[in-house]
Amino acid sequence: MRVPRVLGPMTCALLAAAVAPAVLPKAAEPGPAPDGWKLVWSDEFDGKEIDRSKWDFELGNGFYNYDANMWISGWGNNELQYYTREPENAFVKDGTLHIRAIKESYNGCGYTSARMKSRKRDGSELFSKKYGRFEFRAKLPTGQGVWPALWMLPQSDKYGTWASSGEIDVMEARGQEPTKVLGTLHYGSRWPNNAHSSKTYDLPNKGTIADFHEYALEWEPGQISWSVDGKVYATQTSWWSSSKLDGDKGVKPRQESDLNAWPAPFDQPFYLVMNVAVGGKFLGNPDKNTKFPVEMVVDYVRVYDKVGGYGATKPRGPGALPFGK
């Protein structure tokens, strides 16, 4: 059992918010689905605890790479947090999910946090989907070295391990840049010949990630679009996947026949992931000005299917391939 601790400034801020007149963070009950979509799965976080029929927890500070027969610490990004399933790091309160990163010494790491996913740790399915609209309403933590993310991974590595089977980042943010969010695709060959393409969105009207925003992704065969508060800011129609290997590493394809058939890898079911990471290569480590604990608050997660189906796959659009045309 972990020793109880005083949470300090964050606790004071939460108590102040509870008594100050303000707009309630919880959204109204779900209204009509967006035009052309029908709701097929959701979590409104209206219960008293996290619904374990929908979510499981990633644990630890890394993973074992069975291809290379070695342990990868820091989740491959030099991250500093140890993920737990402790109620201090993830809990439901007042109709919202809280994922909290805490500065504390735990199992050899200097921080704890939580990473929740709609797949069990043994790999079996809780929820995954191919194509659809994936919608999160959340407010995010800020501060140097704080990395909140809402993203998706393949239920099974149909085309091989990362990144040949893909990764879809609905939203991620660098806490030290609170007016910006990113939407990103990871694809290509297995590491180290992976690739990615990303678009940054600047929140308008002096908005910040510390406020509630609706982050959504619409995924159709051959096309993926990102939006914030209903404004589409990026659409991608070009990516690639190759399963070719040299030993345990991916190789750079040399011709079209080396690629998996379009629109691989984004033609298979993906599951949902929500987490707050600390530090690493993507954004740098916290500094003396980063105030912990920090937390991401999620109002809801909703997934929709397209009314009438998705139709034919759109052809690959212009974009960088690993070889010249």
# chains A, B, ... in the order shown; residues from 1 in each chain; ligands from 1
>>> closest_atom_pairs(of="region 177-279 of chain A", to="region 151-158 of chain A", cutoff="10 Å", atoms="only C-alpha atoms", output="tab-separated table")
residue	atom	partner	partner_atom	distance
A:Gly183	CA	A:Trp151	CA	9.2
A:Thr184	CA	A:Trp151	CA	9.2
A:Leu185	CA	A:Met152	CA	9.9
A:His186	CA	A:Leu153	CA	9.9
A:Leu217	CA	A:Trp151	CA	9.9
A:Ser243	CA	A:Lys158	CA	9.4
A:Ala264	CA	A:Lys158	CA	9.4
A:Pro265	CA	A:Lys158	CA	8.0
A:Phe266	CA	A:Pro154	CA	8.7
A:Asp267	CA	A:Pro154	CA	9.7
A:Gln268	CA	A:Pro154	CA	7.0
A:Pro269	CA	A:Gln155	CA	5.9
A:Phe270	CA	A:Pro154	CA	4.1
A:Tyr271	CA	A:Met152	CA	5.4
A:Leu272	CA	A:Met152	CA	4.7
A:Val273	CA	A:Trp151	CA	5.1
A:Met274	CA	A:Trp151	CA	6.5
A:Asn275	CA	A:Trp151	CA	8.8
>>> write_last_selection(atoms="N, CA, C and O atoms", output="short mmCIF file (atom, residue, chain, number, x, y, z; two decimals), in the first residue's frame")
data_model
loop_
_atom_site.label_atom_id
_atom_site.label_comp_id
_atom_site.auth_asym_id
_atom_site.auth_seq_id
_atom_site.Cartn_x
_atom_site.Cartn_y
_atom_site.Cartn_z
N GLY A 183 -2.35 16.52 -34.32
CA GLY A 183 -2.94 15.28 -34.80
C GLY A 183 -1.94 14.58 -35.70
O GLY A 183 -1.38 15.21 -36.61
N THR A 184 -1.68 13.30 -35.45
CA THR A 184 -0.55 12.62 -36.09
C THR A 184 -0.89 11.20 -36.48
O THR A 184 -1.64 10.52 -35.78
N LEU A 185 -0.32 10.74 -37.60
CA LEU A 185 -0.34 9.34 -37.99
C LEU A 185 1.09 8.79 -37.93
O LEU A 185 2.04 9.45 -38.39
N HIS A 186 1.23 7.58 -37.39
CA HIS A 186 2.49 6.84 -37.45
C HIS A 186 2.26 5.59 -38.30
O HIS A 186 1.25 4.90 -38.14
N LEU A 217 -11.94 12.84 -34.42
CA LEU A 217 -11.28 12.30 -35.60
C LEU A 217 -12.30 11.52 -36.40
O LEU A 217 -13.05 10.72 -35.83
N SER A 243 5.71 -4.66 -44.47
CA SER A 243 6.01 -5.70 -43.50
C SER A 243 7.38 -6.36 -43.75
O SER A 243 7.73 -7.32 -43.06
N ALA A 264 -3.67 0.14 -46.11
CA ALA A 264 -2.91 -0.35 -44.95
C ALA A 264 -1.94 0.75 -44.47
O ALA A 264 -1.40 1.48 -45.30
N PRO A 265 -1.73 0.85 -43.17
CA PRO A 265 -2.23 -0.03 -42.11
C PRO A 265 -3.57 0.39 -41.52
O PRO A 265 -4.05 -0.26 -40.59
N PHE A 266 -4.17 1.46 -42.07
CA PHE A 266 -5.40 2.00 -41.45
C PHE A 266 -6.64 1.40 -42.11
O PHE A 266 -7.50 2.09 -42.64
N ASP A 267 -6.70 0.06 -42.05
CA ASP A 267 -7.83 -0.70 -42.57
C ASP A 267 -8.15 -1.87 -41.65
O ASP A 267 -8.58 -2.93 -42.09
N GLN A 268 -7.93 -1.66 -40.36
CA GLN A 268 -8.13 -2.71 -39.35
C GLN A 268 -8.63 -2.04 -38.06
O GLN A 268 -8.48 -0.83 -37.88
N PRO A 269 -9.24 -2.80 -37.15
CA PRO A 269 -9.75 -2.20 -35.92
C PRO A 269 -8.64 -1.66 -35.02
O PRO A 269 -7.59 -2.29 -34.85
N PHE A 270 -8.89 -0.49 -34.45
CA PHE A 270 -8.00 0.14 -33.47
C PHE A 270 -8.74 0.31 -32.15
O PHE A 270 -9.96 0.48 -32.12
N TYR A 271 -7.99 0.26 -31.04
CA TYR A 271 -8.57 0.51 -29.72
C TYR A 271 -8.14 1.88 -29.21
O TYR A 271 -7.25 2.53 -29.77
N LEU A 272 -8.78 2.34 -28.13
CA LEU A 272 -8.59 3.69 -27.61
C LEU A 272 -7.58 3.71 -26.47
O LEU A 272 -7.50 2.77 -25.68
N VAL A 273 -6.83 4.82 -26.38
CA VAL A 273 -5.84 5.01 -25.32
C VAL A 273 -5.94 6.45 -24.81
O VAL A 273 -6.07 7.38 -25.61
N MET A 274 -5.87 6.63 -23.48
CA MET A 274 -5.84 7.95 -22.87
C MET A 274 -4.77 7.94 -21.78
O MET A 274 -4.74 7.02 -20.96
N ASN A 275 -3.91 8.94 -21.77
CA ASN A 275 -2.84 8.96 -20.77
C ASN A 275 -2.26 10.36 -20.58
O ASN A 275 -2.45 11.24 -21.41
#
>>> residues_around(residues="region 302-311 of chain A", least_positions_apart="5", cutoff="8 Å", atoms="only C-alpha atoms", output="list of chain:residue names")
A:Ala33, A:Gly36, A:Trp37, A:Lys38, A:Leu39, A:Val40, A:Trp41, A:Ser42, A:Asp43, A:Tyr131, A:Gly132, A:Arg133, A:Phe134, A:Glu135, A:Phe136, A:Glu220, A:Pro221
>>> write_last_selection(atoms="N, CA and C atoms", output="compact mmCIF listing (two decimals), in the first residue's frame")
# COMPACT_ATOMS: atom_id res chain seq x y z
N ALA A 33 -26.71 12.83 -32.49
CA ALA A 33 -25.42 12.53 -33.10
C ALA A 33 -25.12 13.55 -34.20
N GLY A 36 -25.12 12.56 -40.12
CA GLY A 36 -24.52 11.47 -40.88
C GLY A 36 -23.87 10.40 -40.03
N TRP A 37 -23.97 10.50 -38.69
CA TRP A 37 -23.32 9.54 -37.81
C TRP A 37 -24.33 9.01 -36.79
N LYS A 38 -24.09 7.79 -36.30
CA LYS A 38 -24.91 7.19 -35.25
C LYS A 38 -24.00 6.67 -34.14
N LEU A 39 -24.39 6.92 -32.90
CA LEU A 39 -23.58 6.52 -31.75
C LEU A 39 -23.59 5.00 -31.59
N VAL A 40 -22.38 4.40 -31.43
CA VAL A 40 -22.29 2.94 -31.26
C VAL A 40 -21.58 2.54 -29.97
N TRP A 41 -20.87 3.46 -29.32
CA TRP A 41 -20.15 3.14 -28.08
C TRP A 41 -19.82 4.45 -27.39
N SER A 42 -19.89 4.47 -26.06
CA SER A 42 -19.52 5.69 -25.35
C SER A 42 -19.23 5.39 -23.90
N ASP A 43 -18.55 6.31 -23.25
CA ASP A 43 -18.41 6.33 -21.81
C ASP A 43 -18.59 7.78 -21.37
N TYR A 131 -12.78 2.32 -38.76
CA TYR A 131 -13.51 3.45 -39.32
C TYR A 131 -14.54 3.99 -38.33
N GLY A 132 -14.87 5.27 -38.47
CA GLY A 132 -15.85 5.89 -37.59
C GLY A 132 -15.44 7.29 -37.19
N ARG A 133 -16.24 7.86 -36.30
CA ARG A 133 -15.94 9.15 -35.69
C ARG A 133 -15.62 8.90 -34.22
N PHE A 134 -14.47 9.37 -33.79
CA PHE A 134 -13.98 9.16 -32.43
C PHE A 134 -13.88 10.53 -31.77
N GLU A 135 -14.60 10.71 -30.67
CA GLU A 135 -14.80 12.05 -30.12
C GLU A 135 -14.51 12.05 -28.62
N PHE A 136 -13.68 12.97 -28.19
CA PHE A 136 -13.34 13.15 -26.78
C PHE A 136 -13.61 14.60 -26.40
N GLU A 220 -12.28 7.33 -42.42
CA GLU A 220 -12.96 6.61 -43.49
C GLU A 220 -11.92 5.90 -44.34
N PRO A 221 -12.32 4.96 -45.19
CA PRO A 221 -11.34 4.23 -46.00
C PRO A 221 -10.53 5.17 -46.90
>>> select_by_dssp(residues="region 169-246 of chain A", states="strand (DSSP E or B)", output="PyMOL selection string")
chain A and resi 169-172+180-188+194-202+213-220+223-228+231-236+241+245-246
>>> residues_around(residues="Thr112 (chain A)", least_positions_apart="6", cutoff="9 Å", atoms="only C-alpha atoms", output="count of residues only")
15
>>> closest_residue(among="A:Tyr66, A:Asp248, A:Pro286, A:Ser124", to="Lys54 (chain A)", atoms="only C-alpha atoms")
A:Ser124
>>> residues_around(residues="Thr237 (chain A)", least_positions_apart="3", cutoff="12 Å", atoms="only C-alpha atoms", output="count of residues only")
23
>>> residues_around(residues="Gln176 (chain A)", least_positions_apart="4", cutoff="10 Å", atoms="only C-alpha atoms", output="PyMOL selection string")
chain A and resi 141-147+180+283-284+286+290
>>> closest_residue(among="A:Asp67, A:Asp51, A:Thr96, A:Phe127", to="Trp162 (chain A)", atoms="only C-alpha atoms")
A:Asp67
>>> closest_residue(among="A:Lys199, A:Arg119, A:Arg52, A:Arg190", to="Trp226 (chain A)", atoms="only C-alpha atoms")
A:Lys199
>>> atom_distance(atom1="CA of Trp239 (chain A)", atom2="CA of Asp202 (chain A)")
24.0 Å
>>> residues_around(residues="Leu321 (chain A)", least_positions_apart="2", cutoff="12 Å", atoms="only C-alpha atoms", output="number ranges by chain")
A: 187-189, 194-197, 238-242, 252-256, 258-259, 316-319, 323-325
